[in-house]
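Next comes structure-v1.txt, with compact mmCIF, C-alpha atoms and all ligand atoms.
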```txt
# COMPACT_ATOMS: atom_id res chain seq x y z
CA MET A 1 206.72 15.68 60.99
CA GLU A 2 209.32 18.00 59.54
CA GLN A 3 208.19 19.33 56.18
CA LEU A 4 210.28 20.57 53.27
CA ARG A 5 209.01 23.98 52.10
CA ILE A 6 209.13 23.95 48.32
CA GLY A 7 208.74 26.54 45.56
CA VAL A 8 208.01 25.59 41.95
CA ILE A 9 209.44 27.90 39.26
CA GLY A 10 207.68 27.64 35.88
CA LEU A 11 204.06 26.49 35.87
CA GLY A 12 203.65 24.99 32.40
CA GLU A 13 202.97 21.33 31.66
CA ILE A 14 205.49 19.78 34.03
CA GLY A 15 205.60 22.58 36.64
CA GLY A 16 201.85 22.25 37.11
CA ALA A 17 202.22 18.49 37.48
CA HIS A 18 204.98 18.98 40.11
CA CYS A 19 202.62 21.21 42.13
CA ALA A 20 199.94 18.49 42.11
CA SER A 21 202.57 15.89 42.99
CA ILE A 22 204.03 17.89 45.92
CA ALA A 23 200.51 18.38 47.29
CA THR A 24 200.23 14.58 47.74
CA LEU A 25 203.38 14.34 49.89
CA PRO A 26 202.86 14.71 53.66
CA GLN A 27 206.56 15.46 54.13
CA ALA A 28 206.42 18.49 51.78
CA GLN A 29 204.59 21.79 51.59
CA LEU A 30 204.17 23.83 48.43
CA VAL A 31 204.72 27.35 49.78
CA ALA A 32 205.48 29.38 46.64
CA VAL A 33 205.04 29.27 42.87
CA ALA A 34 206.38 31.53 40.13
CA ASP A 35 205.55 32.10 36.48
CA LEU A 36 205.89 35.05 34.13
CA ARG A 37 202.22 34.48 33.40
CA THR A 38 201.18 36.01 36.71
CA GLU A 39 197.51 35.09 36.25
CA VAL A 40 198.54 31.42 36.03
CA ALA A 41 200.76 31.79 39.11
CA ALA A 42 197.90 33.41 41.05
CA LYS A 43 195.48 30.63 40.10
CA VAL A 44 197.89 27.80 40.95
CA ALA A 45 198.88 29.50 44.22
CA ALA A 46 195.24 29.87 45.23
CA SER A 47 194.49 26.20 44.66
CA TYR A 48 197.40 25.03 46.87
CA GLY A 49 197.49 27.77 49.51
CA ALA A 50 200.86 28.99 48.24
CA THR A 51 202.19 32.49 47.48
CA ALA A 52 202.38 33.60 43.83
CA TYR A 53 205.40 35.33 42.26
CA GLY A 54 206.30 36.41 38.74
CA THR A 55 210.01 35.54 38.68
CA ALA A 56 212.51 33.09 40.15
CA ASP A 57 214.34 35.87 42.00
CA GLU A 58 211.14 37.01 43.72
CA LEU A 59 210.28 33.43 44.70
CA LEU A 60 213.77 32.79 46.10
CA ALA A 61 213.20 35.57 48.66
CA HIS A 62 210.12 33.80 50.05
CA PRO A 63 210.56 33.53 53.84
CA GLY A 64 211.48 30.04 55.08
CA LEU A 65 211.82 28.48 51.60
CA ASP A 66 213.97 25.31 51.70
CA ALA A 67 213.96 23.98 48.15
CA VAL A 68 212.93 24.70 44.56
CA ILE A 69 211.83 22.73 41.54
CA ILE A 70 213.02 24.47 38.36
CA ALA A 71 210.53 23.69 35.57
CA LEU A 72 211.34 26.56 33.22
CA PRO A 73 212.12 26.20 29.51
CA ASP A 74 215.51 24.49 29.20
CA HIS A 75 217.54 27.57 28.19
CA LEU A 76 216.43 29.35 31.40
CA HIS A 77 217.54 26.60 33.82
CA ARG A 78 221.04 28.06 34.33
CA ALA A 79 220.08 31.52 35.60
CA ALA A 80 217.44 30.15 37.98
CA ALA A 81 219.71 27.35 39.24
CA GLU A 82 222.64 29.70 39.85
CA ALA A 83 220.37 32.05 41.80
CA ALA A 84 218.87 29.16 43.79
CA ALA A 85 222.32 27.78 44.61
CA ALA A 86 223.52 31.22 45.72
CA ALA A 87 220.46 31.43 47.97
CA GLY A 88 221.35 28.03 49.47
CA LYS A 89 218.22 26.22 48.27
CA ALA A 90 218.08 22.51 47.42
CA MET A 91 217.23 22.09 43.73
CA LEU A 92 215.42 19.66 41.50
CA VAL A 93 216.19 20.86 37.97
CA GLU A 94 214.09 19.48 35.14
CA LYS A 95 215.77 17.53 32.34
CA PRO A 96 217.75 18.34 30.28
CA LEU A 97 220.00 20.07 32.81
CA ALA A 98 220.56 22.73 30.13
CA VAL A 99 220.64 23.04 26.34
CA ASP A 100 224.20 24.30 26.22
CA ALA A 101 227.02 22.21 27.75
CA GLU A 102 228.63 25.27 29.35
CA ASP A 103 225.31 26.19 30.98
CA ALA A 104 225.02 22.64 32.36
CA ARG A 105 228.56 22.78 33.77
CA ALA A 106 227.81 26.19 35.32
CA ILE A 107 224.80 24.73 37.16
CA VAL A 108 226.92 21.92 38.59
CA ARG A 109 229.69 24.38 39.56
CA ALA A 110 227.16 26.64 41.30
CA ALA A 111 225.68 23.75 43.30
CA ASP A 112 229.14 22.46 44.23
CA ALA A 113 230.37 25.91 45.26
CA ALA A 114 227.32 26.52 47.44
CA LYS A 115 227.26 22.87 48.67
CA THR A 116 223.57 22.70 47.78
CA PHE A 117 221.60 19.59 46.87
CA LEU A 118 221.15 19.14 43.09
CA MET A 119 218.98 16.51 41.44
CA VAL A 120 218.17 16.25 37.72
CA GLY A 121 214.56 15.37 36.80
CA PHE A 122 215.06 12.18 34.80
CA THR A 123 211.55 10.95 35.54
CA VAL A 124 211.91 7.72 33.53
CA ARG A 125 213.99 6.29 36.39
CA TYR A 126 210.85 6.39 38.54
CA PHE A 127 208.62 4.23 36.33
CA PRO A 128 208.40 0.87 38.16
CA GLN A 129 208.93 -0.91 34.82
CA TYR A 130 212.29 0.79 34.16
CA LEU A 131 213.37 0.21 37.77
CA ARG A 132 212.54 -3.50 37.37
CA ALA A 133 214.55 -3.59 34.12
CA ARG A 134 217.54 -2.17 35.95
CA GLN A 135 217.11 -4.69 38.77
CA ALA A 136 216.95 -7.53 36.21
CA VAL A 137 220.26 -6.41 34.72
CA GLN A 138 221.90 -5.84 38.09
CA ALA A 139 220.75 -9.24 39.40
CA GLY A 140 222.19 -10.94 36.30
CA GLU A 141 218.78 -12.25 35.15
CA LEU A 142 219.66 -11.48 31.52
CA GLY A 143 223.37 -12.20 31.69
CA THR A 144 225.69 -9.63 30.15
CA VAL A 145 223.71 -7.04 28.16
CA VAL A 146 224.50 -7.23 24.45
CA SER A 147 222.09 -4.68 22.99
CA ALA A 148 219.16 -2.38 23.70
CA PHE A 149 216.45 -0.68 21.71
CA ALA A 150 214.66 2.29 23.27
CA ARG A 151 211.73 4.14 21.73
CA ARG A 152 210.27 7.45 22.92
CA VAL A 153 207.78 8.92 20.49
CA ASN A 154 205.17 11.52 21.18
CA ILE A 155 202.27 13.24 19.45
CA VAL A 156 202.94 15.61 16.58
CA THR A 157 201.71 18.73 18.39
CA GLN A 158 204.60 18.62 20.93
CA THR A 159 206.92 20.67 18.72
CA ASP A 160 204.35 23.47 18.52
CA ARG A 161 203.57 23.18 22.24
CA ILE A 162 207.19 23.86 23.15
CA ALA A 163 207.47 26.32 20.23
CA GLY A 164 210.52 24.62 18.69
CA ARG A 165 212.68 25.55 21.72
CA VAL A 166 214.53 22.23 21.36
CA GLY A 167 214.29 19.13 19.19
CA VAL A 168 213.57 15.52 20.10
CA LEU A 169 217.12 14.82 21.28
CA HIS A 170 216.94 17.29 24.19
CA PHE A 171 213.24 16.79 24.84
CA LEU A 172 212.84 13.00 24.52
CA ALA A 173 216.00 11.01 23.73
CA VAL A 174 217.87 12.49 26.71
CA HIS A 175 215.53 10.43 28.95
CA ASP A 176 216.70 7.22 27.29
CA PHE A 177 220.35 8.24 27.15
CA ASP A 178 220.15 8.59 30.93
CA ALA A 179 218.00 5.49 31.44
CA LEU A 180 220.31 3.29 29.34
CA ARG A 181 223.41 4.41 31.29
CA TRP A 182 221.49 3.65 34.49
CA VAL A 183 219.93 0.32 33.40
CA ILE A 184 223.03 -1.09 31.67
CA GLY A 185 225.40 0.35 34.28
CA ASP A 186 227.99 1.54 31.79
CA GLU A 187 229.12 4.73 30.05
CA VAL A 188 228.77 5.56 26.36
CA ALA A 189 231.96 5.48 24.30
CA SER A 190 230.70 6.61 20.88
CA VAL A 191 227.58 8.07 19.25
CA HIS A 192 226.18 8.10 15.73
CA CYS A 193 222.86 9.75 14.90
CA VAL A 194 220.69 10.22 11.82
CA SER A 195 217.69 12.49 11.55
CA ALA A 196 214.77 12.05 9.15
CA THR A 197 214.16 14.91 6.73
CA SER A 198 211.29 13.36 4.73
CA ALA A 199 208.47 15.32 6.37
CA PRO A 200 209.81 18.47 8.07
CA LEU A 201 207.62 20.21 10.65
CA ALA A 202 207.34 23.93 11.30
CA HIS A 203 210.34 24.41 13.59
CA ASP A 204 213.96 24.03 12.51
CA VAL A 205 214.96 21.28 14.94
CA GLU A 206 215.40 17.52 14.61
CA HIS A 207 211.99 15.78 14.71
CA GLU A 208 212.79 12.07 14.28
CA THR A 209 216.14 10.54 15.17
CA PHE A 210 217.84 7.19 15.49
CA THR A 211 220.90 7.38 17.71
CA THR A 212 223.21 4.39 17.96
CA LEU A 213 225.37 4.16 21.05
CA LYS A 214 228.37 1.97 21.73
CA PHE A 215 229.03 1.43 25.42
CA LYS A 216 232.53 1.10 26.90
CA LYS A 217 232.09 -2.59 27.82
CA GLY A 218 230.82 -3.38 24.30
CA ALA A 219 227.00 -3.27 24.44
CA ILE A 220 225.25 -1.43 21.60
CA ALA A 221 221.97 0.48 21.72
CA CYS A 222 219.60 2.27 19.36
CA VAL A 223 217.39 5.09 20.64
CA GLN A 224 214.45 6.21 18.50
CA ALA A 225 213.01 9.60 19.42
CA GLY A 226 210.30 11.42 17.54
CA TRP A 227 207.03 13.27 17.71
CA TYR A 228 205.06 12.21 14.64
CA LEU A 229 202.27 10.25 16.36
CA PRO A 230 198.84 11.46 15.26
CA THR A 231 196.86 13.42 17.84
CA THR A 232 194.26 10.65 17.62
CA HIS A 233 196.75 8.09 19.00
CA PRO A 234 194.95 6.28 21.87
CA ALA A 235 197.83 6.61 24.37
CA GLY A 236 199.42 9.84 23.10
CA PHE A 237 202.88 8.29 23.35
CA ASP A 238 204.81 5.08 22.61
CA PHE A 239 207.65 4.35 25.01
CA ARG A 240 209.51 1.03 24.85
CA LEU A 241 212.67 -0.67 25.96
CA ASP A 242 213.96 -4.00 24.67
CA LEU A 243 217.09 -5.55 26.13
CA THR A 244 219.01 -8.53 24.80
CA GLY A 245 221.41 -10.25 27.16
CA ARG A 246 223.73 -13.26 26.83
CA GLU A 247 221.25 -15.32 28.89
CA GLY A 248 217.91 -13.59 28.53
CA SER A 249 215.84 -10.78 27.10
CA LEU A 250 213.44 -8.15 28.41
CA ASN A 251 210.63 -6.23 26.70
CA LEU A 252 209.01 -3.21 28.26
CA SER A 253 206.13 -1.23 26.75
CA MET A 254 204.55 1.75 28.45
CA MET A 255 201.81 2.19 25.85
CA GLU A 256 199.46 -0.39 27.33
CA GLN A 257 199.58 -0.37 31.09
CA GLY A 258 197.28 -3.30 31.78
CA ILE A 259 194.09 -1.45 30.86
CA SER A 260 192.56 -0.35 27.59
CA ILE A 261 189.14 1.29 27.36
CA HIS A 262 187.04 0.92 24.22
CA GLY A 263 184.26 3.42 24.82
CA LYS A 264 182.13 6.04 23.10
CA GLY A 265 185.21 8.17 22.35
CA GLY A 266 187.13 5.24 20.80
CA THR A 267 190.03 3.33 22.34
CA SER A 268 192.25 4.81 25.02
CA TYR A 269 195.14 3.49 27.09
CA PRO A 270 194.95 5.37 30.39
CA TYR A 271 198.22 6.44 31.97
CA MET A 272 198.50 4.47 35.22
CA ALA A 273 201.99 5.20 36.55
CA SER A 274 202.80 8.15 38.85
CA PRO A 275 206.55 8.46 38.32
CA LEU A 276 206.58 12.17 39.08
CA ILE A 277 205.25 11.61 42.61
CA ALA A 278 207.94 8.97 43.17
CA GLU A 279 210.60 11.38 41.84
CA ASP A 280 209.42 14.27 44.01
CA ARG A 281 209.18 11.97 47.06
CA ASP A 282 212.77 10.84 46.49
CA PHE A 283 213.89 14.49 46.21
CA VAL A 284 212.06 15.53 49.39
CA ASP A 285 213.13 12.48 51.44
CA ARG A 286 216.78 12.83 50.51
CA VAL A 287 216.93 16.57 51.22
CA LEU A 288 215.20 16.12 54.60
CA ALA A 289 217.49 13.19 55.52
CA GLY A 290 220.65 14.96 54.36
CA GLN A 291 221.36 12.13 51.90
CA PRO A 292 223.15 12.57 48.57
CA SER A 293 221.17 13.11 45.38
CA SER A 294 220.17 9.99 43.43
CA ILE A 295 220.43 11.71 40.01
CA THR A 296 223.47 13.94 40.19
CA GLY A 297 224.80 16.85 38.18
CA ALA A 298 227.30 14.37 36.70
CA ASP A 299 224.34 12.31 35.39
CA GLY A 300 222.91 15.47 33.83
CA LEU A 301 226.25 16.27 32.18
CA ALA A 302 226.71 12.70 30.89
CA ALA A 303 223.28 12.57 29.22
CA GLY A 304 223.80 16.09 27.84
CA ALA A 305 227.13 15.07 26.32
CA ILE A 306 225.39 12.25 24.43
CA VAL A 307 222.80 14.75 23.08
CA ASP A 308 225.59 17.09 21.97
CA ALA A 309 227.45 14.22 20.28
CA ALA A 310 224.24 13.12 18.51
CA LEU A 311 223.69 16.67 17.20
CA GLU A 312 227.30 16.83 16.02
CA SER A 313 226.87 13.45 14.34
CA ILE A 314 223.75 14.64 12.48
CA ALA A 315 225.64 17.75 11.32
CA THR A 316 228.81 15.95 10.23
CA GLY A 317 227.63 12.42 9.41
CA ARG A 318 230.45 11.10 11.59
CA VAL A 319 230.66 8.78 14.58
CA ILE A 320 231.51 10.94 17.60
CA GLN A 321 233.83 9.56 20.28
CA LEU A 322 233.08 10.69 23.83
N1 LIG A 401 210.49 15.13 33.42
C1 LIG A 401 209.62 15.10 32.42
O1 LIG A 401 209.05 14.06 32.12
C2 LIG A 401 209.34 16.37 31.67
C3 LIG A 401 208.16 16.48 30.91
C4 LIG A 401 207.94 17.70 30.23
C5 LIG A 401 208.86 18.73 30.32
N2 LIG A 401 210.01 18.56 31.04
C6 LIG A 401 211.00 19.65 31.15
O2 LIG A 401 210.45 20.65 31.99
C7 LIG A 401 210.85 21.95 31.54
C8 LIG A 401 209.60 22.77 31.23
O3 LIG A 401 208.91 22.13 30.19
P1 LIG A 401 207.33 22.35 29.98
O4 LIG A 401 206.94 21.37 28.94
O5 LIG A 401 206.62 22.32 31.30
O6 LIG A 401 207.33 23.83 29.39
P2 LIG A 401 206.10 24.84 29.29
O7 LIG A 401 206.36 25.74 28.16
O8 LIG A 401 204.81 24.06 29.33
O9 LIG A 401 206.19 25.67 30.66
C9 LIG A 401 207.19 26.62 30.93
C10 LIG A 401 206.61 27.66 31.88
O10 LIG A 401 207.65 28.55 32.27
C11 LIG A 401 207.10 29.87 32.25
N3 LIG A 401 208.20 30.82 32.07
C12 LIG A 401 208.90 31.08 30.94
N4 LIG A 401 209.88 31.97 31.18
C13 LIG A 401 209.81 32.28 32.50
C14 LIG A 401 210.57 33.13 33.34
N5 LIG A 401 211.62 33.83 32.88
N6 LIG A 401 210.21 33.21 34.65
C15 LIG A 401 209.13 32.54 35.11
N7 LIG A 401 208.38 31.70 34.36
C16 LIG A 401 208.73 31.57 33.07
C17 LIG A 401 206.10 29.88 31.11
O11 LIG A 401 205.15 30.92 31.24
C18 LIG A 401 205.49 28.48 31.25
O12 LIG A 401 204.36 28.47 32.11
C19 LIG A 401 211.75 21.72 30.33
O13 LIG A 401 213.08 21.68 30.76
C20 LIG A 401 211.32 20.33 29.83
O14 LIG A 401 212.31 19.64 29.11
C21 LIG A 401 210.24 17.42 31.73
```
Please express the file's structure as structure tokens.
Amino acid sequence: MEQLRIGVIGLGEIGGAHCASIATLPQAQLVAVADLRTEVAAKVAASYGATAYGTADELLAHPGLDAVIIALPDHLHRAAAEAAAAAGKAMLVEKPLAVDAEDARAIVRAADAAKTFLMVGFTVRYFPQYLRARQAVQAGELGTVVSAFARRVNIVTQTDRIAGRVGVLHFLAVHDFDALRWVIGDEVASVHCVSATSAPLAHDVEHETFTTLKFKKGAIACVQAGWYLPTTHPAGFDFRLDLTGREGSLNLSMMEQGISIHGKGGTSYPYMASPLIAEDRDFVDRVLAGQPSSITGADGLAAGAIVDAALESIATGRVIQL
């Protein structure tokens, strides 16, 4: 079987998970990893039989490399993606495509100019529950969608873990901005966002937001994003989606996934889905088959534009038209 030879750039929380995910795919081989923390790169490389590098540029020169997964902090995506595109590598770039809209556009331009494969890592699309929600809408099970409520809240230590690099709009809400476009099958026309200031955390970013969206065909949505859950929370996250349609409704909760354990350490809700493996498999299969990307640069730009509008709305108090 032909295998796609992949390098992972950035070996933090999600880069490490991509390495484990790629190792499960028979049609892929993890051949190289890179991280500024060279001791981490060496350790990860040793456990997967890959070669360790310190930087993206070094990794891109790895002989026979076909594709890269860019899992660096958001503001570093552009430089790595431009270099990967120039080297002719297929790319899976983690969400958000970039922090800055011009950086995001530059990534898309670089991929287009080099005619390289570009996919954006909107992992939520690979949860079976969200896929089923999209199918329900597409099949008309709910009738015309009238409204949606999406929640993505995380534990309070996230902001320290990512050192205040971005706030909840780039880190969490962007998933739902993309998922709602994809599930509802429409584009956002206007955005209004408010941010809570009652209990500020250490970093100067937005920590709890409600973003209301009006879609072009008339549906409305509210996206809650935040990271105030206590570290003792049994699941560590609370992700939900509620849809109201003209002829039906849908409720999706990721917190309980059919199993709860009440043991010596208290109650826990184990995480049962493997969306990252499904995402990486889709990336690998499409690159090997020469098929177009399922989550395009345009999707990355559209979700990023909603984040930018939400930030502008927080700053000005106004409804922002897209
Ligand atoms: N799809 C998802 O569900 C999901 C989940 C978490 C994070 N993310 C995204 O993944 C990206 C990374 O997030 P994270 O939480 O894994 O961050 P992280 O801080 O845990 O990891 C980043 C890694 O990049 C390394 N690094 C930093 N600068 C570097 C450089 N110049 N060259 C090489 N290595 C460098 C760091 O040493 C670190 O190991 C972000 O864009 C984030 O939004 C996506």
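Minimum distance to Pro26 of chain A across A:Ile320, A:Val284, A:Ala87, A:Ala309 (counting all atoms listed in the file) occurs at A:Val284.
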request  = Would you list the contacts of segment 133-150 of chain A as a PyMOL selection string, taking every protein, DNA or RNA residue within 10 Å and counting only C-alpha atoms, but skipping same-chain residues closer than 3 positions in sequence?
outcome  = chain A and resi 125+128-130+153+173+175-177+179-185+210-215+217-225+239-253
Please report as CSV every residue of chain A lying within 8 Å of ligand LIG 401 (chain A), along with the nearest atom pair and their distance in Å (one decimal), using all atoms listed in the file.
```
residue,atom,partner,partner_atom,distance
A:Ile9,CA,A:LIG401,C15,6.2
A:Gly10,CA,A:LIG401,O10,3.7
A:Leu11,CA,A:LIG401,O12,4.3
A:Gly12,CA,A:LIG401,O9,3.2
A:Glu13,CA,A:LIG401,O5,3.8
A:Ile14,CA,A:LIG401,O5,3.9
A:Gly15,CA,A:LIG401,O5,5.4
A:Gly16,CA,A:LIG401,O5,7.5
A:Ala34,CA,A:LIG401,C15,5.8
A:Asp35,CA,A:LIG401,N7,3.6
A:Leu36,CA,A:LIG401,N7,4.2
A:Arg37,CA,A:LIG401,O11,5.1
A:Val40,CA,A:LIG401,O12,7.6
A:Gly54,CA,A:LIG401,C15,6.0
A:Thr55,CA,A:LIG401,N6,4.7
A:Ala56,CA,A:LIG401,N6,6.0
A:Ile70,CA,A:LIG401,C7,7.6
A:Ala71,CA,A:LIG401,C7,4.4
A:Leu72,CA,A:LIG401,O10,4.3
A:Pro73,CA,A:LIG401,C19,4.6
A:Asp74,CA,A:LIG401,O13,4.0
A:His75,CA,A:LIG401,O13,7.8
A:Leu76,CA,A:LIG401,N5,6.7
A:His77,CA,A:LIG401,O13,7.3
A:Val93,CA,A:LIG401,O13,7.9
A:Glu94,CA,A:LIG401,O2,5.0
A:Lys95,CA,A:LIG401,O14,5.2
A:Pro96,CA,A:LIG401,O14,5.7
A:Leu97,CA,A:LIG401,O13,7.4
A:Ala98,CA,A:LIG401,O13,7.6
A:Gly121,CA,A:LIG401,N1,5.3
A:Phe122,CA,A:LIG401,N1,5.6
A:Thr123,CA,A:LIG401,N1,4.8
A:Val124,CA,A:LIG401,O1,7.1
A:Arg161,CA,A:LIG401,O7,7.0
A:Ile162,CA,A:LIG401,O7,5.4
A:His170,CA,A:LIG401,O14,7.2
A:Phe171,CA,A:LIG401,O14,5.2
A:Leu276,CA,A:LIG401,N1,7.5
```
Generate the output file for the selected residues, C-alpha atoms, as an mmCIF file, keeping the file's coordinate frame.
```cif
data_model
loop_
_atom_site.group_PDB
_atom_site.id
_atom_site.type_symbol
_atom_site.label_atom_id
_atom_site.label_comp_id
_atom_site.auth_asym_id
_atom_site.auth_seq_id
_atom_site.Cartn_x
_atom_site.Cartn_y
_atom_site.Cartn_z
ATOM 1 C CA ILE A 9 209.440 27.900 39.260
ATOM 2 C CA GLY A 10 207.680 27.640 35.880
ATOM 3 C CA LEU A 11 204.060 26.490 35.870
ATOM 4 C CA GLY A 12 203.650 24.990 32.400
ATOM 5 C CA GLU A 13 202.970 21.330 31.660
ATOM 6 C CA ILE A 14 205.490 19.780 34.030
ATOM 7 C CA GLY A 15 205.600 22.580 36.640
ATOM 8 C CA GLY A 16 201.850 22.250 37.110
ATOM 9 C CA ALA A 34 206.380 31.530 40.130
ATOM 10 C CA ASP A 35 205.550 32.100 36.480
ATOM 11 C CA LEU A 36 205.890 35.050 34.130
ATOM 12 C CA ARG A 37 202.220 34.480 33.400
ATOM 13 C CA VAL A 40 198.540 31.420 36.030
ATOM 14 C CA GLY A 54 206.300 36.410 38.740
ATOM 15 C CA THR A 55 210.010 35.540 38.680
ATOM 16 C CA ALA A 56 212.510 33.090 40.150
ATOM 17 C CA ILE A 70 213.020 24.470 38.360
ATOM 18 C CA ALA A 71 210.530 23.690 35.570
ATOM 19 C CA LEU A 72 211.340 26.560 33.220
ATOM 20 C CA PRO A 73 212.120 26.200 29.510
ATOM 21 C CA ASP A 74 215.510 24.490 29.200
ATOM 22 C CA HIS A 75 217.540 27.570 28.190
ATOM 23 C CA LEU A 76 216.430 29.350 31.400
ATOM 24 C CA HIS A 77 217.540 26.600 33.820
ATOM 25 C CA VAL A 93 216.190 20.860 37.970
ATOM 26 C CA GLU A 94 214.090 19.480 35.140
ATOM 27 C CA LYS A 95 215.770 17.530 32.340
ATOM 28 C CA PRO A 96 217.750 18.340 30.280
ATOM 29 C CA LEU A 97 220.000 20.070 32.810
ATOM 30 C CA ALA A 98 220.560 22.730 30.130
ATOM 31 C CA GLY A 121 214.560 15.370 36.800
ATOM 32 C CA PHE A 122 215.060 12.180 34.800
ATOM 33 C CA THR A 123 211.550 10.950 35.540
ATOM 34 C CA VAL A 124 211.910 7.720 33.530
ATOM 35 C CA ARG A 161 203.570 23.180 22.240
ATOM 36 C CA ILE A 162 207.190 23.860 23.150
ATOM 37 C CA HIS A 170 216.940 17.290 24.190
ATOM 38 C CA PHE A 171 213.240 16.790 24.840
ATOM 39 C CA LEU A 276 206.580 12.170 39.080
#
```
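Of the listed residues (A:Ile69, A:Ile155, A:Ala41, A:Ile306), A:Ile155 comes nearest to Gly226 of chain A; the distances count all atoms listed in the file.
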inquiry  = With only C-alpha atoms as the counted atoms, please give the residues lying no more than 7 Å from Leu118 of chain A, apart from itself and same-chain residues fewer than 3 positions off, as a PyMOL selection string.
reply    = chain A and resi 90-92+111+293+296-297
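Our summary of the geometry notes that atom CA of Ala114 of chain A is positioned 26.2 Å from atom CA of Ala52 of chain A.
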query = Counting only C-alpha atoms, what is within 12 Å of Leu4 of chain A, bar same-chain residues fewer than 5 positions away, as a count of residues only?
reply = 27
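The space separating atom CA of Pro200 of chain A from atom CA of Ser268 of chain A comes to 28.0 Å.
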ask   = A:Leu322, A:Val205, A:Ala303, A:Ala315: which is nearest Ala104 of chain A, counting only C-alpha atoms?
value = A:Ala303
ask   = Any idea what's packed within 8 Å of Phe127 of chain A, counting only C-alpha atoms, ignoring anything in its chain fewer than 5 positions away? Could you give it as a count of residues only?
value = 3
ask   = Separation of atom CA of Asp299 of chain A and atom CA of Met119 of chain A, in Å?
value = 9.1 Å
Report, as JSON, the centre and edge lengths in Å (one decimal) of the axis-aligned box enclosing every listed atom of segment 151-163 of chain A, padded by 8 Å on each side.
```
{"center_x": 206.7, "center_y": 15.2, "center_z": 19.9, "size_x": 26.0, "size_y": 38.2, "size_z": 22.6}
```
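Proximity ranking of A:Ala189, A:Ala42, A:Val168, A:Ala305 relative to Glu206 of chain A places A:Val168 first, based on all atoms listed in the file.
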remark   = Counting only C-alpha atoms, closest pick from A:Val33, A:Val319, A:Cys19, A:Leu229 relative to Val194 of chain A is A:Val319
ask   = Any idea what's packed within 7 Å of Met255 of chain A, counting only C-alpha atoms, ignoring anything in its chain fewer than 6 positions away? Could you give it as a PyMOL selection string?
value = chain A and resi 235+237-239+269
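Compared by their closest atoms to Val156 of chain A, and using all atoms listed in the file, the residues A:Val120, A:Ala199, A:Leu301, A:Leu169 rank with A:Ala199 nearest.
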Missing atoms in segment 88-100 of chain A need filling: write out N, CA and C atoms for it as a short mmCIF file (atom, residue, chain, number, x, y, z; two decimals), in the frame of the given file.
```
data_model
loop_
_atom_site.label_atom_id
_atom_site.label_comp_id
_atom_site.auth_asym_id
_atom_site.auth_seq_id
_atom_site.Cartn_x
_atom_site.Cartn_y
_atom_site.Cartn_z
N GLY A 88 221.23 29.19 48.58
CA GLY A 88 221.35 28.03 49.47
C GLY A 88 220.17 27.09 49.43
N LYS A 89 219.40 27.09 48.35
CA LYS A 89 218.22 26.22 48.27
C LYS A 89 218.58 24.88 47.61
N ALA A 90 217.98 23.79 48.11
CA ALA A 90 218.08 22.51 47.42
C ALA A 90 217.33 22.62 46.11
N MET A 91 217.82 21.91 45.07
CA MET A 91 217.23 22.09 43.73
C MET A 91 216.94 20.76 43.05
N LEU A 92 215.74 20.68 42.50
CA LEU A 92 215.42 19.66 41.50
C LEU A 92 215.28 20.41 40.18
N VAL A 93 216.21 20.17 39.26
CA VAL A 93 216.19 20.86 37.97
C VAL A 93 215.67 19.90 36.91
N GLU A 94 214.65 20.33 36.18
CA GLU A 94 214.09 19.48 35.14
C GLU A 94 215.15 19.10 34.10
N LYS A 95 214.92 17.95 33.46
CA LYS A 95 215.77 17.53 32.34
C LYS A 95 215.43 18.37 31.12
N PRO A 96 216.32 18.55 30.15
CA PRO A 96 217.75 18.34 30.28
C PRO A 96 218.31 19.41 31.22
N LEU A 97 219.46 19.11 31.86
CA LEU A 97 220.00 20.07 32.81
C LEU A 97 220.10 21.45 32.16
N ALA A 98 220.53 21.48 30.91
CA ALA A 98 220.56 22.73 30.13
C ALA A 98 220.64 22.35 28.65
N VAL A 99 220.49 23.32 27.78
CA VAL A 99 220.64 23.04 26.34
C VAL A 99 222.12 23.06 25.98
N ASP A 100 222.80 24.03 26.54
CA ASP A 100 224.20 24.30 26.22
C ASP A 100 225.09 23.62 27.27
#
```
